[in-house]
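> My structure is below; once you've seen it, I'll send some questions.
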Amino acid sequence: MYCTRNITDDIFWVGGSDRRLALFENLFPIPRGVSYNSYLIMDEKTALVDTVDSSITRQFLENVYHVLNGRPLDYLIVNHMEPDHCANIDELMLRFPDLKVVGNAKTLAFISQFYDLDLEGRTVTVKEGDTLPLGAHILQFFLAPMIHWPEVMVTYEQKEKILFSADAFGSFGAINGNLFNDEINFDRDWLSDARRYYTNIVGKYGPQVQAALKKLSGLEINMICPLHGPVWRSDLGYLLEKYGKWSTYEPEDKAVALFYGSMYGDTENAVNILASMLAEAGVKDIAVYDVSSTHVSTLIAETFRCSHIVLAAPTYNMGIYPAMQNFLHDMKALNVQNRTAAIIENGSWAPVSGKLMREVLGEMKNMRILEPALTVKSAVKSGNLESLSALKDALLDSMK
Ligand code: FEO
């Protein structure tokens with residue numbers, strides 16, 4: 001049975017949610033599920049904006065047929081060619097023999113890479129700013145390369161001023177009936193997943209996001225329809241401010257997050273003591289994460305949120321404790337920058353993790369490393385307390 005929602009009188013959400021998938025991209029835990037949004041515009045011509053993941057094809061097709069109500073599908077707009085959105089192109093082309101697929105040159109090249117489809121006479125190639133009239137609704141296309149694939153474009157519907165934004169402005173999380181941002185408590189229930197989605201999927205491409213935001217800033221936008229998560233029809237400034245911060249690597253909060261790896265609890269002990277010292281000094285909302293038991297996508301999201309980070313790790317095989325090494329690798333890959341960091345190392349006979357963590361942080365842009373770095377030899381002793389206190393003071397000074 002169909003399950004759709006009206007976006008406007010003539011535009012319909014025909015997507016669906018997957019609450020079974022454990023790992024998005026086989027990488028990222030999604031305990032709240034994920035939605036794959038697709039939008040159908042009914043006018044003199046009918047146009048579908050993107051398809052969905054193969055996991056929800058059955059629901060999607062029921063939705064599309066219900067809204068079409070016997071009419072054919074004339075256009076499929078392909079804003080993004082990642083399989084969580086393009087998985088049903090071939091199915092739709094088979095079912096609607098007159099369907100034209102609309103994309104840019106890179107889109108169409110990717111279709112041929114993924115599928116053995118005869119595209120002859122079945123495509124419309126669009127360039128930056130091109131328009132496609134459907135009747136009262138006119139679609140306009142803007143290229144948004146590397147958000148987060150090279151073929152990505154966004155589609156602007158001129159009549160109702162709706163931006164179909166591809167992955168941009170998306171979030172992990174299934175749609176629980178409530179599709180619109182004004183039907184949910186976004187700050188309470190969605191923000192951390194939206195941040196985790198953005199920072200891990202798109203975080204590397206801040207300059208490209210900035211370029212797209214600048215390009216689109218001249219458009220009057222009433223609604224943002226992303227490919228995942230809620231549709232935004234109010235308070236767009238809130239969302240744009242978040243994206244502005246994330247894409248310029250500006251911290252959202254003046255806050256400290258302490259990340260530790262700890263084999264037997266001793267490095268953790270150092271972090272707990274430092275966190276308590278900070279709390280005694282009045283620092284609020286301190287976050288502490290065990291890098292071994294917290295998924296790295298959460299660690300990355302918190303690194304984007306917080307202005308100050310503390311990295312604490314044992315030396316392991318004359319290197320950095322593997323879970324911390326993995327976190328640092330992701331930080332660098334995702335372009336994390338502009339943070340103030342403190343370092344705590346542990347090592348029973350030849351501690352080097354501090355030096356090595358410092359080197360990796362030095363390869364990132366504009367990372368300020370606080371002194372003193374603290375070395376714990378096996379377990380925290382009273383002789384370490386002075387250094388921990390000094391580190392606390394350095395953190396406090398840098399937060400002023
Ligand atoms: Fe949701 Fe880049 O695919």
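Quick note on naming: the chains in the structure tokens go A, B, ... in the order shown, residues restart at 1 in each chain, and ligands are numbered from 1 in order of appearance.
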Please find the residues contacting ligand 1 at a distance of at most 8 Å between atoms, with only C-alpha atoms and all ligand atoms counted, and report them as JSON, numbers by chain.

{"A": [36, 80, 81, 82, 83, 84, 85, 147, 148, 149, 166, 167, 201, 227, 228]}

> Residues of the last selection are to be written out with C-alpha atoms, as a compact mmCIF listing (two decimals), in the first residue's frame.


```txt
# COMPACT_ATOMS: atom_id res chain seq x y z
CA TYR A 36 15.46 7.92 1.09
CA HIS A 80 22.82 12.40 -7.56
CA MET A 81 24.10 9.09 -8.89
CA GLU A 82 24.99 7.34 -5.64
CA PRO A 83 23.12 4.02 -5.49
CA ASP A 84 21.08 4.99 -2.43
CA HIS A 85 19.25 7.34 -4.81
CA ILE A 147 28.84 17.69 -2.48
CA HIS A 148 29.96 15.00 -2.23
CA TRP A 149 30.26 13.42 -5.67
CA ALA A 166 20.38 16.26 -3.16
CA ASP A 167 22.39 15.05 -0.12
CA ILE A 201 29.65 12.18 4.46
CA LEU A 227 17.40 13.24 -0.18
CA HIS A 228 17.57 12.11 3.47
```

> Write down as number ranges by chain the residues of region 230-261 of chain A whose backbone DSSP state falls under strand (DSSP E).

A: 253-260

> For the structure I just gave you, how does DSSP split region 64-178 of chain A - specifically, which residues are helix (DSSP H, G or I)? Reply as a list in words.

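The helix (DSSP H, G or I) residues within region 64-178 of chain A come out as Val64, Tyr65, His66, Val67, Leu68, Pro83, Asp84, His85, Cys86, Ile89, Asp90, Glu91, Leu92, Met93, Leu94, Arg95, Ala105, Lys106, Thr107, Leu108, Ala109, Phe110, Ile111, Ser112, Gln113 and Phe114 of chain A.
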
> If you measure from CA of Asn181 (chain A) to CA of Thr4 (chain A), what distance in Å do you get, rounded to one decimal?

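For CA of Asn181 (chain A) relative to CA of Thr4 (chain A), the distance reads 16.6 Å.
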
> Write out as a PyMOL selection string each polymer residue whose atoms come within 12 Å of Asn63 (chain A), counting only C-alpha atoms; drop sequence neighbours fewer than 4 positions from it.

chain A and resi 1-6+12-16+37-40+48+51-52+56-59+67-69

> Rounded to one decimal in Å, what is the spacing between CA of Val380 (chain A) and CA of Asn346 (chain A)?

9.2 Å

> For Leu92 (chain A), find every residue with an atom within 12 Å (counting only C-alpha atoms), except residues of its own chain fewer than 3 positions away, and show them as a PyMOL selection string.

chain A and resi 47-48+50-52+57+60-61+64-65+72-77+86-89+95-101+117+122

> With only C-alpha atoms as the basis for distance, which of A:Leu213, A:Ile184, A:Glu44, A:Ala136 is at the shortest distance from Ser165 (chain A)?

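Residue with the minimum atom-to-atom distance to Ser165 (chain A): A:Leu213.
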